[in-house]
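Chemist: Input target.csv, format and content: CSV, C-alpha atoms and all ligand atoms.
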```csv
chain,number,residue,atom,x,y,z
A,1,MET,CA,128.0,170.3,136.7
A,2,ARG,CA,125.0,169.5,134.5
A,3,ASP,CA,121.6,168.9,136.1
A,4,ILE,CA,119.8,166.3,133.9
A,5,THR,CA,116.9,165.7,136.3
A,6,THR,CA,114.4,167.6,134.2
A,7,GLU,CA,115.6,165.8,131.1
A,8,ILE,CA,114.8,162.5,132.7
A,9,GLU,CA,111.5,163.7,134.1
A,10,GLY,CA,110.6,165.2,130.8
A,11,ARG,CA,110.7,161.8,129.1
A,12,LEU,CA,108.4,160.4,131.8
A,13,SER,CA,106.0,163.3,131.8
A,14,GLY,CA,105.7,163.5,128.0
A,15,VAL,CA,103.4,160.5,128.1
A,16,GLY,CA,100.2,160.1,130.2
A,17,CYS,CA,99.1,157.1,132.2
A,18,SER,CA,96.1,156.4,134.3
A,19,CYS,CA,98.1,155.0,137.2
A,20,HIS,CA,100.0,158.3,137.8
A,21,PRO,CA,97.7,161.2,137.1
A,22,VAL,CA,100.5,163.4,138.7
A,23,MET,CA,104.1,162.6,137.8
A,24,PRO,CA,106.0,161.8,141.0
A,25,ARG,CA,109.5,163.4,141.3
A,26,THR,CA,112.4,161.3,140.2
A,27,ALA,CA,115.9,161.2,141.8
A,28,ARG,CA,118.1,164.2,141.3
A,29,ALA,CA,120.5,163.4,138.4
A,30,LEU,CA,123.7,165.4,138.3
A,31,VAL,CA,126.6,164.9,135.9
A,32,THR,CA,129.9,166.3,137.2
A,33,GLU,CA,133.2,166.9,135.4
A,34,GLY,CA,135.9,166.1,138.0
A,35,ASP,CA,134.1,168.0,140.8
A,36,ALA,CA,132.0,165.1,142.2
A,37,PRO,CA,133.0,165.8,145.9
A,38,GLN,CA,132.0,169.5,145.6
A,39,VAL,CA,128.7,168.6,143.9
A,40,LEU,CA,128.0,165.9,146.5
A,41,LEU,CA,128.5,168.5,149.2
A,42,GLU,CA,126.0,170.9,147.5
A,43,VAL,CA,123.4,168.1,147.2
A,44,LEU,CA,123.8,167.2,150.9
A,45,LYS,CA,123.3,170.8,151.9
A,46,GLU,CA,120.3,171.1,149.6
A,47,LEU,CA,118.7,168.0,151.1
A,48,GLY,CA,119.4,169.3,154.6
A,49,LEU,CA,121.7,166.3,155.3
A,50,SER,CA,124.5,167.8,157.4
A,51,GLY,CA,126.1,164.5,158.4
A,52,PRO,CA,127.5,162.2,159.5
A,53,VAL,CA,127.8,160.5,156.2
A,54,ALA,CA,128.1,156.7,155.8
A,55,LEU,CA,130.4,156.3,152.8
A,56,ALA,CA,130.4,152.9,151.1
A,57,TYR,CA,132.9,151.8,148.5
A,58,ASP,CA,135.1,148.9,147.6
A,59,GLU,CA,138.9,148.6,147.2
A,60,VAL,CA,138.9,149.9,143.6
A,61,THR,CA,136.3,152.7,143.9
A,62,TYR,CA,138.0,154.0,147.1
A,63,SER,CA,141.1,154.9,145.1
A,64,VAL,CA,139.1,156.0,142.0
A,65,LEU,CA,136.7,158.4,143.7
A,66,ALA,CA,135.7,157.6,147.3
A,67,SER,CA,139.0,158.7,148.9
A,68,SER,CA,138.7,162.2,147.4
A,69,ILE,CA,135.1,162.4,148.5
A,70,GLU,CA,136.0,161.4,152.0
A,71,GLY,CA,138.9,163.8,152.2
A,72,PHE,CA,136.9,166.7,150.8
A,73,LEU,CA,133.8,166.2,153.1
A,74,ARG,CA,136.1,165.9,156.2
A,75,SER,CA,137.9,169.1,155.2
A,76,ARG,CA,134.5,170.8,155.2
A,77,GLY,CA,133.8,169.6,158.7
A,78,ILE,CA,131.5,166.8,157.8
A,79,GLU,CA,131.9,163.5,159.8
A,80,VAL,CA,132.4,160.6,157.4
A,81,VAL,CA,132.3,156.9,158.4
A,82,GLY,CA,133.8,154.7,155.8
A,83,PHE,CA,132.6,151.2,155.0
A,84,SER,CA,134.3,148.8,152.5
A,85,VAL,CA,131.9,146.4,150.9
A,86,SER,CA,133.4,143.1,150.0
A,87,ARG,CA,130.3,141.3,148.7
A,88,ALA,CA,126.7,142.0,147.8
A,89,ASP,CA,125.4,139.9,150.7
A,90,GLU,CA,123.1,140.2,153.7
A,91,GLY,CA,125.9,140.5,156.2
A,92,ASN,CA,127.4,143.5,154.5
A,93,ALA,CA,123.9,145.1,154.1
A,94,LEU,CA,123.3,144.6,157.9
A,95,ARG,CA,126.6,146.1,158.9
A,96,LEU,CA,126.1,149.1,156.6
A,97,LYS,CA,122.5,149.4,158.0
A,98,GLU,CA,124.0,149.8,161.5
A,99,LEU,CA,126.3,152.6,160.3
A,100,MET,CA,123.6,154.3,158.3
A,101,GLY,CA,121.3,154.2,161.4
A,102,ARG,CA,123.8,156.4,163.2
A,103,ALA,CA,124.4,158.7,160.1
A,104,SER,CA,122.1,161.1,158.3
A,105,VAL,CA,122.7,159.6,154.8
A,106,GLY,CA,124.5,156.8,152.9
A,107,VAL,CA,126.7,157.5,149.9
A,108,ALA,CA,127.5,154.6,147.7
A,109,VAL,CA,130.5,154.9,145.4
A,110,GLY,CA,130.8,152.0,143.1
A,111,GLY,CA,129.2,149.6,140.6
A,112,GLY,CA,126.7,147.0,141.3
A,113,THR,CA,127.9,145.5,144.5
A,114,VAL,CA,128.3,148.7,146.6
A,115,ILE,CA,125.1,150.3,145.3
A,116,ASP,CA,123.1,147.2,145.9
A,117,VAL,CA,124.2,146.8,149.5
A,118,CYS,CA,123.6,150.5,150.1
A,119,LYS,CA,120.1,150.4,148.7
A,120,LEU,CA,119.1,147.6,151.0
A,121,ALA,CA,120.8,149.2,154.0
A,122,ALA,CA,118.9,152.4,153.1
A,123,HIS,CA,115.7,150.4,153.0
A,124,TRP,CA,116.3,148.7,156.4
A,125,SER,CA,117.5,151.9,158.2
A,126,GLY,CA,115.0,154.2,156.7
A,127,LYS,CA,117.8,156.6,155.8
A,128,PRO,CA,118.2,158.2,152.3
A,129,PHE,CA,121.1,157.3,150.1
A,130,ILE,CA,123.0,158.9,147.2
A,131,SER,CA,124.3,156.8,144.3
A,132,VAL,CA,127.7,157.7,142.9
A,133,PRO,CA,128.2,155.2,140.0
A,134,THR,CA,131.7,154.5,138.9
A,135,THR,CA,130.6,152.1,136.1
A,136,LEU,CA,127.6,151.8,133.8
A,137,SER,CA,127.2,148.0,133.7
A,138,HIS,CA,123.5,147.7,134.6
A,139,ASP,CA,120.4,149.7,135.4
A,140,GLY,CA,120.6,149.3,139.2
A,141,ILE,CA,122.4,152.6,139.7
A,142,ALA,CA,119.1,154.4,140.2
A,143,SER,CA,116.5,151.6,140.8
A,144,PRO,CA,114.6,150.7,143.9
A,145,VAL,CA,115.5,147.0,143.6
A,146,ALA,CA,118.6,145.4,145.2
A,147,SER,CA,120.4,142.3,144.1
A,148,VAL,CA,121.9,140.7,147.1
A,149,ALA,CA,122.8,137.1,148.3
A,150,PHE,CA,120.9,136.0,151.4
A,151,ARG,CA,121.4,133.3,154.0
A,152,GLY,CA,124.9,132.3,152.9
A,153,ARG,CA,123.9,131.5,149.4
A,154,SER,CA,126.4,132.2,146.6
A,155,HIS,CA,123.9,133.7,144.1
A,156,ARG,CA,121.9,136.8,144.5
A,157,ALA,CA,118.1,137.4,144.7
A,158,SER,CA,116.4,140.7,143.7
A,159,VAL,CA,114.5,142.3,146.6
A,160,PRO,CA,112.6,145.5,147.0
A,161,ALA,CA,114.8,148.3,148.4
A,162,THR,CA,115.1,152.1,148.4
A,163,GLY,CA,116.1,154.0,145.3
A,164,PRO,CA,118.6,156.9,145.6
A,165,VAL,CA,117.4,160.4,146.4
A,166,ALA,CA,120.2,161.6,144.0
A,167,VAL,CA,122.6,160.3,141.5
A,168,VAL,CA,126.0,162.1,141.2
A,169,ALA,CA,127.7,160.8,138.0
A,170,ASP,CA,131.3,161.8,137.3
A,171,ALA,CA,131.6,162.0,133.5
A,172,GLY,CA,135.3,161.4,133.4
A,173,VAL,CA,135.2,158.3,135.7
A,174,LEU,CA,132.3,156.8,133.7
A,175,SER,CA,133.9,157.5,130.3
A,176,SER,CA,137.2,155.8,131.3
A,177,SER,CA,135.5,152.8,132.8
A,178,PRO,CA,136.2,149.5,130.9
A,179,ARG,CA,134.5,149.0,127.6
A,180,ARG,CA,133.3,145.6,128.6
A,181,LEU,CA,131.3,147.1,131.5
A,182,LYS,CA,129.6,149.7,129.2
A,183,ALA,CA,128.7,147.0,126.7
A,184,ALA,CA,127.1,145.0,129.5
A,185,GLY,CA,125.1,148.1,130.5
A,186,ALA,CA,123.9,148.4,126.9
A,187,GLY,CA,123.0,144.7,127.1
A,188,ASP,CA,120.9,145.3,130.3
A,189,LEU,CA,119.0,147.9,128.4
A,190,LEU,CA,118.4,145.7,125.3
A,191,ALA,CA,116.8,143.2,127.7
A,192,LYS,CA,113.8,145.7,128.0
A,193,LEU,CA,112.7,144.5,124.5
A,194,THR,CA,111.5,141.2,126.0
A,195,ALA,CA,110.8,142.6,129.4
A,196,LEU,CA,108.2,145.0,128.0
A,197,LYS,CA,106.6,142.4,125.8
A,198,ASP,CA,106.4,140.0,128.8
A,199,TRP,CA,104.8,142.9,130.8
A,200,GLU,CA,102.2,143.3,128.0
A,201,LEU,CA,101.4,139.6,128.2
A,202,GLY,CA,100.8,140.2,132.0
A,203,GLU,CA,98.3,142.9,131.0
A,204,LEU,CA,96.6,140.7,128.5
A,205,HIS,CA,96.5,137.5,130.5
A,206,ALA,CA,96.6,138.5,134.1
A,207,GLY,CA,95.0,141.9,134.2
A,208,GLU,CA,98.2,143.7,135.2
A,209,ILE,CA,98.5,147.4,134.9
A,210,VAL,CA,101.1,148.5,132.4
A,211,CYS,CA,102.2,152.0,133.3
A,212,ARG,CA,102.5,153.9,130.0
A,213,ARG,CA,105.0,156.4,131.4
A,214,ALA,CA,107.3,153.6,132.6
A,215,TYR,CA,106.8,151.7,129.3
A,216,ALA,CA,107.8,154.8,127.4
A,217,ALA,CA,110.8,155.4,129.6
A,218,GLU,CA,112.1,151.8,129.0
A,219,LEU,CA,111.5,152.2,125.2
A,220,GLU,CA,113.6,155.4,125.3
A,221,ALA,CA,116.2,153.5,127.3
A,222,ILE,CA,116.4,150.9,124.5
A,223,GLU,CA,117.0,153.7,122.0
A,224,CYS,CA,119.8,155.0,124.2
A,225,ALA,CA,121.5,151.6,124.1
A,226,ILE,CA,121.2,151.5,120.3
A,227,ASP,CA,122.5,155.1,119.9
A,228,PHE,CA,125.4,154.5,122.4
A,229,VAL,CA,126.6,151.3,120.6
A,230,TYR,CA,126.2,152.6,117.0
A,231,GLY,CA,127.7,155.9,118.1
A,232,GLY,CA,131.0,154.1,118.7
A,233,MET,CA,130.4,153.7,122.5
A,234,ARG,CA,132.1,157.1,123.0
A,235,ASP,CA,129.3,159.1,124.7
A,236,ALA,CA,128.9,157.5,128.1
A,237,LEU,CA,126.3,160.0,129.0
A,238,VAL,CA,123.9,158.5,126.4
A,239,LEU,CA,124.2,155.2,128.2
A,240,LEU,CA,123.9,156.9,131.6
A,241,ARG,CA,120.6,158.5,130.4
A,242,GLY,CA,119.3,155.1,129.4
A,243,LEU,CA,120.2,153.5,132.7
A,244,LEU,CA,118.7,156.4,134.7
A,245,LEU,CA,115.5,156.2,132.6
A,246,SER,CA,115.2,152.5,133.4
A,247,GLY,CA,115.8,153.1,137.1
A,248,ALA,CA,113.1,155.9,137.0
A,249,ALA,CA,110.7,153.5,135.3
A,250,MET,CA,111.2,150.9,138.1
A,251,ALA,CA,110.9,153.6,140.8
A,252,LEU,CA,107.6,154.7,139.2
A,253,VAL,CA,105.9,151.4,139.4
A,254,GLY,CA,107.8,150.3,142.6
A,255,SER,CA,109.1,147.0,141.1
A,256,SER,CA,111.5,145.6,138.5
A,257,ARG,CA,108.6,144.7,136.3
A,258,PRO,CA,109.2,147.2,133.5
A,259,ALA,CA,112.9,146.2,133.3
A,260,SER,CA,112.9,142.5,134.0
A,261,GLY,CA,111.1,139.7,132.2
A,262,SER,CA,111.8,136.1,131.2
A,263,GLU,CA,115.3,137.0,130.0
A,264,HIS,CA,116.2,138.2,133.6
A,265,MET,CA,114.8,135.0,135.0
A,266,ILE,CA,117.0,132.9,132.7
A,267,SER,CA,120.0,135.0,133.8
A,268,HIS,CA,119.1,134.4,137.5
A,269,GLN,CA,119.0,130.6,136.9
A,270,ILE,CA,122.4,130.9,135.1
A,271,ASP,CA,123.7,132.6,138.3
A,272,ALA,CA,122.3,129.7,140.4
A,273,LEU,CA,124.4,127.2,138.3
A,274,GLY,CA,127.5,129.0,139.6
A,275,LYS,CA,129.5,128.4,136.4
A,276,SER,CA,129.1,131.6,134.4
A,277,LYS,CA,132.0,134.0,133.9
A,278,GLY,CA,129.5,136.5,132.4
A,279,LEU,CA,128.4,139.8,133.7
A,280,HIS,CA,124.7,140.4,134.4
A,281,GLY,CA,124.2,142.5,131.3
A,282,GLU,CA,126.0,140.0,129.1
A,283,GLN,CA,123.8,137.2,130.4
A,284,VAL,CA,120.5,139.0,130.1
A,285,ALA,CA,121.4,140.3,126.6
A,286,LEU,CA,122.0,136.7,125.3
A,287,ALA,CA,118.8,135.6,127.0
A,288,THR,CA,117.1,138.5,125.2
A,289,VAL,CA,118.2,137.1,121.8
A,290,LEU,CA,116.7,133.7,122.8
A,291,MET,CA,113.5,135.1,124.2
A,292,SER,CA,113.1,137.5,121.3
A,293,ARG,CA,113.2,134.5,118.9
A,294,TYR,CA,110.6,132.7,121.1
A,295,HIS,CA,108.3,135.8,121.3
A,296,GLN,CA,108.6,136.2,117.5
A,297,SER,CA,107.0,132.7,117.0
A,298,HIS,CA,104.4,132.8,119.8
A,299,ASN,CA,103.5,136.4,120.6
A,300,GLY,CA,101.4,138.2,117.9
A,301,GLY,CA,102.2,141.5,119.7
A,302,TRP,CA,105.9,141.2,119.1
A,303,TRP,CA,107.7,144.4,117.8
A,304,ARG,CA,107.4,145.2,114.1
A,305,ASP,CA,110.5,147.4,114.1
A,306,PRO,CA,113.2,145.4,112.4
A,307,ARG,CA,115.8,147.0,114.8
A,308,PHE,CA,114.1,145.1,117.6
A,309,SER,CA,114.5,141.6,116.0
A,310,TRP,CA,116.6,138.9,117.6
A,311,GLY,CA,119.1,139.2,114.8
A,312,SER,CA,119.5,142.9,115.3
A,313,VAL,CA,120.1,142.4,119.0
A,314,LEU,CA,122.8,139.9,118.2
A,315,GLU,CA,124.3,142.2,115.7
A,316,LEU,CA,124.4,145.0,118.2
A,317,LEU,CA,126.1,142.8,120.7
A,318,SER,CA,128.7,142.0,118.2
A,319,VAL,CA,129.3,145.6,117.3
A,320,ALA,CA,129.6,146.4,121.1
A,321,GLY,CA,132.2,143.7,121.4
A,322,ALA,CA,130.0,141.8,123.9
A,323,PRO,CA,129.8,138.0,124.0
A,324,THR,CA,127.6,136.6,121.3
A,325,SER,CA,127.5,133.1,122.6
A,326,PHE,CA,126.8,131.5,126.0
A,327,LEU,CA,129.9,129.3,125.3
A,328,GLU,CA,132.1,132.4,125.8
A,329,LEU,CA,130.7,132.7,129.3
A,330,GLY,CA,131.9,129.2,130.1
A,331,LEU,CA,128.4,127.6,129.8
A,332,THR,CA,127.4,124.5,127.8
A,333,ARG,CA,124.2,124.1,125.9
A,334,GLU,CA,122.9,121.7,128.6
A,335,ASP,CA,123.5,124.5,131.2
A,336,VAL,CA,121.5,127.0,129.2
A,337,VAL,CA,118.7,124.6,128.5
A,338,GLU,CA,118.4,123.8,132.2
A,339,ALA,CA,118.4,127.5,133.1
A,340,VAL,CA,115.6,128.3,130.6
A,341,LEU,CA,113.5,125.3,131.8
A,342,ARG,CA,113.8,126.4,135.4
A,343,ALA,CA,113.4,130.2,134.7
A,344,PRO,CA,109.7,130.5,135.5
A,345,GLU,CA,110.4,129.2,139.0
A,346,VAL,CA,112.3,132.4,139.8
A,347,ARG,CA,109.0,134.3,139.9
A,348,PRO,CA,106.1,131.9,139.6
A,349,GLU,CA,103.7,134.8,140.3
A,350,ARG,CA,104.7,136.8,137.2
A,351,THR,CA,103.3,136.4,133.7
A,352,THR,CA,105.9,136.1,130.9
A,353,LEU,CA,105.9,134.1,127.7
A,354,LEU,CA,107.9,131.4,129.5
A,355,HIS,CA,105.1,131.0,132.1
A,356,LEU,CA,102.3,131.0,129.5
A,357,LYS,CA,104.0,128.7,127.0
A,358,ARG,CA,106.6,126.6,128.7
A,359,PRO,CA,109.0,125.2,126.1
A,360,GLY,CA,110.4,121.7,126.3
A,361,ARG,CA,114.0,120.7,126.3
A,362,GLU,CA,114.0,120.1,122.5
A,363,THR,CA,112.5,123.5,121.7
A,364,VAL,CA,115.0,125.4,123.8
A,365,SER,CA,117.8,123.5,122.1
A,366,GLU,CA,116.4,124.3,118.7
A,367,LEU,CA,116.2,128.0,119.6
A,368,LEU,CA,119.8,128.0,120.7
A,369,GLU,CA,120.8,126.3,117.5
A,370,GLU,CA,118.8,128.6,115.3
A,371,THR,CA,120.1,131.8,116.9
A,372,GLY,CA,123.6,130.4,117.1
A,373,ILE,CA,124.1,131.7,120.7
A,374,CYS,CA,125.1,128.3,122.2
A,401,ZN,ZN,119.1,143.9,134.7
A,402,ZN,ZN,101.7,155.2,135.6
```
Rewrite the coordinates I just gave you, this time as structure tokens.
Modeler:
Amino acid sequence: MRDITTEIEGRLSGVGCSCHPVMPRTARALVTEGDAPQVLLEVLKELGLSGPVALAYDEVTYSVLASSIEGFLRSRGIEVVGFSVSRADEGNALRLKELMGRASVGVAVGGGTVIDVCKLAAHWSGKPFISVPTTLSHDGIASPVASVAFRGRSHRASVPATGPVAVVADAGVLSSSPRRLKAAGAGDLLAKLTALKDWELGELHAGEIVCRRAYAAELEAIECAIDFVYGGMRDALVLLRGLLLSGAAMALVGSSRPASGSEHMISHQIDALGKSKGLHGEQVALATVLMSRYHQSHNGGWWRDPRFSWGSVLELLSVAGAPTSFLELGLTREDVVEAVLRAPEVRPERTTLLHLKRPGRETVSELLEETGIC
């Protein structure tokens, strides 16, 4: 087992900020090599959480990891109540909240859906939860923001929730997760290029506070994505570090602001269309290409580093084997134009380049044409 908590905290404490004179503790981050159940037991003991444990999983993650965790904890005399999550929706979060209310802790074994539901159930029940990611497809594995569908809607909304007290990551499980999911995870990290620049515009135009520690953590997360992809996508721990840094940045400021800008709003409106076959990370990465091009023309503070240009992002997606066109996700140019035009409505209160300088239909179409992503 490798404890990488201090490594993550080191990246945040290396930079000072006026909003956090004292660096708050981040979630424990532990990398295991096939002994996740044992490490989980040790974490539970350390945190004084003797059970019962509400264990959340889905059909796939139950056989991959959750069943062995369940068996191991029971063999050590810990009561485990299992809960299979079918969808990331309010109903599942409410049911898990009931179970967690009667348990001492929640443990989420899975990718986005299971962890999102557990985060919200933790928030509602006031109980802590431990994240056991089985994929690395987005930065929600350690963030305090949940993406869940409410009131019978088909698409999800991002809401404040509770971040994990610990992340137990099984290196073997993560390494053998599908390449497409890892590429999507790298895509979600590339989205910080525009998210950070949108955040700076918030500082410039709306007096927002940009936390320099969170900013530095996201910048480091972008570097992790670049290293991971150009390193042949072999070292899943590089990607994990990036996703944990991004989660820690969000936890630090208590919102998704450092990690989510106009590109995430476009992706949200694409979800609302209900047509895309793309993963979250694939959608936000393509929206990042588009918004990078737009920033380049209208934001004098855009990155000077050529590795951060829209062309470099597109190149990186191609190397990762990720989609390089919205058409591959089953969307038409009309769909994407519509999603971009409606994007500011997702969060009218936030400042991004799309809010400050709303493009017309023609402009969006030209951006798509020029970048060749639709
Ligand atoms: Zn994201
Ligand atoms: Zn700060």
Chemist: Do you know which residues are at most 7 Å from stretch 127-144 of chain A counting all atoms listed in the file, after dropping those on the same chain fewer than 3 positions away, and could you put them as a short mmCIF file (atom, residue, chain, number, x, y, z; two decimals) with C-alpha atoms, keeping the file's coordinate frame?
Modeler:
```cif
data_model
loop_
_atom_site.label_atom_id
_atom_site.label_comp_id
_atom_site.auth_asym_id
_atom_site.auth_seq_id
_atom_site.Cartn_x
_atom_site.Cartn_y
_atom_site.Cartn_z
CA MET A 100 123.60 154.30 158.30
CA SER A 104 122.10 161.10 158.30
CA VAL A 105 122.70 159.60 154.80
CA GLY A 106 124.50 156.80 152.90
CA VAL A 107 126.70 157.50 149.90
CA ALA A 108 127.50 154.60 147.70
CA VAL A 109 130.50 154.90 145.40
CA GLY A 110 130.80 152.00 143.10
CA GLY A 111 129.20 149.60 140.60
CA GLY A 112 126.70 147.00 141.30
CA ILE A 115 125.10 150.30 145.30
CA ALA A 122 118.90 152.40 153.10
CA PRO A 160 112.60 145.50 147.00
CA ALA A 161 114.80 148.30 148.40
CA THR A 162 115.10 152.10 148.40
CA GLY A 163 116.10 154.00 145.30
CA PRO A 164 118.60 156.90 145.60
CA VAL A 165 117.40 160.40 146.40
CA ALA A 166 120.20 161.60 144.00
CA VAL A 167 122.60 160.30 141.50
CA VAL A 168 126.00 162.10 141.20
CA ALA A 169 127.70 160.80 138.00
CA VAL A 173 135.20 158.30 135.70
CA LEU A 174 132.30 156.80 133.70
CA SER A 177 135.50 152.80 132.80
CA LEU A 181 131.30 147.10 131.50
CA LYS A 182 129.60 149.70 129.20
CA ALA A 184 127.10 145.00 129.50
CA GLY A 185 125.10 148.10 130.50
CA ASP A 188 120.90 145.30 130.30
CA LEU A 240 123.90 156.90 131.60
CA LEU A 243 120.20 153.50 132.70
CA LEU A 244 118.70 156.40 134.70
CA SER A 246 115.20 152.50 133.40
CA GLY A 247 115.80 153.10 137.10
CA ALA A 248 113.10 155.90 137.00
CA MET A 250 111.20 150.90 138.10
CA ALA A 251 110.90 153.60 140.80
CA GLY A 254 107.80 150.30 142.60
CA GLY A 281 124.20 142.50 131.30
#
```
Chemist: Using all atoms listed in the file, which of A:Ser125, A:Thr194, A:Ser256, A:Ser75 sits nearest ligand ZN 401 (chain A)?
Modeler: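 The closest residue to ligand ZN 401 (chain A) is A:Ser256.
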Chemist: Within 10 Å of ligand ZN 402 (chain A), counting only C-alpha atoms and all ligand atoms: which residues, as a short mmCIF file (atom, residue, chain, number, x, y, z; two decimals) with C-alpha atoms, in the coordinates of the input?
Modeler:
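Output below, filename result-v4.cif:
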```cif
data_model
loop_
_atom_site.label_atom_id
_atom_site.label_comp_id
_atom_site.auth_asym_id
_atom_site.auth_seq_id
_atom_site.Cartn_x
_atom_site.Cartn_y
_atom_site.Cartn_z
CA LEU A 12 108.40 160.40 131.80
CA SER A 13 106.00 163.30 131.80
CA VAL A 15 103.40 160.50 128.10
CA GLY A 16 100.20 160.10 130.20
CA CYS A 17 99.10 157.10 132.20
CA SER A 18 96.10 156.40 134.30
CA CYS A 19 98.10 155.00 137.20
CA HIS A 20 100.00 158.30 137.80
CA PRO A 21 97.70 161.20 137.10
CA VAL A 22 100.50 163.40 138.70
CA MET A 23 104.10 162.60 137.80
CA PRO A 24 106.00 161.80 141.00
CA ILE A 209 98.50 147.40 134.90
CA VAL A 210 101.10 148.50 132.40
CA CYS A 211 102.20 152.00 133.30
CA ARG A 212 102.50 153.90 130.00
CA ARG A 213 105.00 156.40 131.40
CA ALA A 214 107.30 153.60 132.60
CA TYR A 215 106.80 151.70 129.30
CA ALA A 249 110.70 153.50 135.30
CA LEU A 252 107.60 154.70 139.20
CA VAL A 253 105.90 151.40 139.40
#
```
Chemist: Pick out the closest residue to A:Asp3 from this set: A:Glu362, A:Gly274, A:Arg28, A:Leu219. Count only C-alpha atoms.
Modeler: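 Nearest candidate to A:Asp3 out of A:Glu362, A:Gly274, A:Arg28, A:Leu219: A:Arg28.
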Chemist: Using all atoms listed in the file, find the one residue out of A:Lys119, A:Lys197, A:Arg76, A:Lys97 that sits nearest to A:His298.
Modeler: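 For A:His298, the nearest of the candidates is A:Lys197.
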Chemist: May I have a table of the residues of stretch 201-269 of chain A lying at most 12 Å from stretch 311-332 of chain A, giving each one's closest pair of atoms and their distance in Å to one decimal, counting only C-alpha atoms, ordered by chain and ascending residue number, as a tab-separated table?
Modeler:
```
residue	atom	partner	partner_atom	distance
A:Ile222	CA	A:Val313	CA	10.8
A:Ala225	CA	A:Leu316	CA	9.3
A:Ile226	CA	A:Leu316	CA	7.5
A:Asp227	CA	A:Leu316	CA	10.4
A:Phe228	CA	A:Ala320	CA	9.2
A:Val229	CA	A:Ala320	CA	5.8
A:Tyr230	CA	A:Val319	CA	7.7
A:Gly231	CA	A:Ala320	CA	10.1
A:Gly232	CA	A:Ala320	CA	8.2
A:Met233	CA	A:Ala320	CA	7.5
A:Arg234	CA	A:Ala320	CA	11.2
A:Ile266	CA	A:Phe326	CA	12.0
A:Ser267	CA	A:Phe326	CA	10.9
```
Chemist: Rounded to one decimal place, report the atom CA of A:Ala171-atom CA of A:Cys224 distance in Å.
Modeler: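 These two atoms are separated by 16.6 Å.
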Chemist: Find the spatial neighbours of A:Arg257, counting all atoms listed in the file, within a cut-off of 9 Å - ignore same-chain residues fewer than 6 positions away - and output them as JSON, numbers by chain.
Modeler: {"A": [195, 196, 199, 250, 350]}
Chemist: Go through A:Glu282, A:Glu369, A:Glu42, A:Glu33 one by one, measure the shortest atom-to-atom distance of each to ligand ZN 401 (chain A) using all atoms listed in the file, and give the residue with the smallest value.
Modeler: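 Ranked by minimum distance to ligand ZN 401 (chain A), first place goes to A:Glu282.
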Chemist: Can you list, as number ranges by chain, every protein, DNA or RNA residue that comes within 12 Å of A:Leu99 when you count all atoms listed in the file, leaving out same-chain residues fewer than 5 positions away?
Modeler: A: 52-56, 80-84, 92-94, 104-107, 118, 121-122, 124-127
Chemist: Separation of atom CA of A:Ala287 and atom CA of A:His264, in Å?
Modeler: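 Answer for the atom CA of A:Ala287 to atom CA of A:His264 separation: 7.6 Å.
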Chemist: One number please: atom CA of A:Pro178 to atom CA of A:Gly34, in Å, one decimal.
Modeler: 18.1 Å
Chemist: Can you pull out every residue within 8 Å of A:Leu290, counting all atoms listed in the file, but drop anything in the same chain fewer than 5 positions away, and send it as a list in words?
Modeler: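 Skipping anything fewer than 5 positions along the chain leaves Trp310, Leu367, Leu368, Thr371 and Ile373 of chain A.
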Chemist: So, with all atoms listed in the file as the atoms that count, which of A:Val148, A:Ala191, A:Ala339, A:Ile8 lies closest to A:Ala285?
Modeler: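 Smallest separation from A:Ala285 among the options: A:Ala191.
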Chemist: Return as a tab-separated table the residues of stretch 201-301 of chain A lying at most 8 Å from stretch 341-345 of chain A, together with the closest atom-to-atom pair for each and the distance in Å to one decimal, counting all atoms listed in the file, with rows in chain order and ascending residue number.
Modeler:
```
residue	atom	partner	partner_atom	distance
A:Ser262	CA	A:Ala343	CA	7.0
A:Met265	CA	A:Ala343	CA	5.0
A:Ile266	CA	A:Ala343	CA	4.9
A:His268	CA	A:Ala343	CA	7.6
A:Gln269	CA	A:Ala343	CA	6.0
```
Chemist: Take the residues that were just selected and, keeping C-alpha atoms, output them as a JSON list (two decimals), in the coordinates of the input.
Modeler:
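To be explicit, this is the file written out as result.json:
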```
[["chain", "number", "residue", "atom", "x", "y", "z"],
["A", 262, "SER", "CA", 111.80, 136.10, 131.20],
["A", 265, "MET", "CA", 114.80, 135.00, 135.00],
["A", 266, "ILE", "CA", 117.00, 132.90, 132.70],
["A", 268, "HIS", "CA", 119.10, 134.40, 137.50],
["A", 269, "GLN", "CA", 119.00, 130.60, 136.90]]
```
Chemist: Pull stretch 48-62 of chain A out of the block and emit C-alpha atoms, as a JSON list (two decimals), in the first residue's frame.
Modeler:
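Contents of decode09.json, freshly written:
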```
[["chain", "number", "residue", "atom", "x", "y", "z"],
["A", 48, "GLY", "CA", -12.87, 4.95, 14.36],
["A", 49, "LEU", "CA", -15.64, 3.69, 12.08],
["A", 50, "SER", "CA", -16.40, 0.21, 13.38],
["A", 51, "GLY", "CA", -19.53, -0.39, 11.30],
["A", 52, "PRO", "CA", -22.08, -1.10, 10.07],
["A", 53, "VAL", "CA", -20.85, -0.21, 6.60],
["A", 54, "ALA", "CA", -23.24, 0.82, 3.81],
["A", 55, "LEU", "CA", -21.51, -0.59, 0.72],
["A", 56, "ALA", "CA", -22.63, 0.88, -2.62],
["A", 57, "TYR", "CA", -21.76, -0.68, -5.98],
["A", 58, "ASP", "CA", -23.25, -1.57, -9.36],
["A", 59, "GLU", "CA", -23.50, -4.92, -11.14],
["A", 60, "VAL", "CA", -20.03, -4.63, -12.67],
["A", 61, "THR", "CA", -18.15, -3.19, -9.71],
["A", 62, "TYR", "CA", -19.69, -5.78, -7.40]]
```
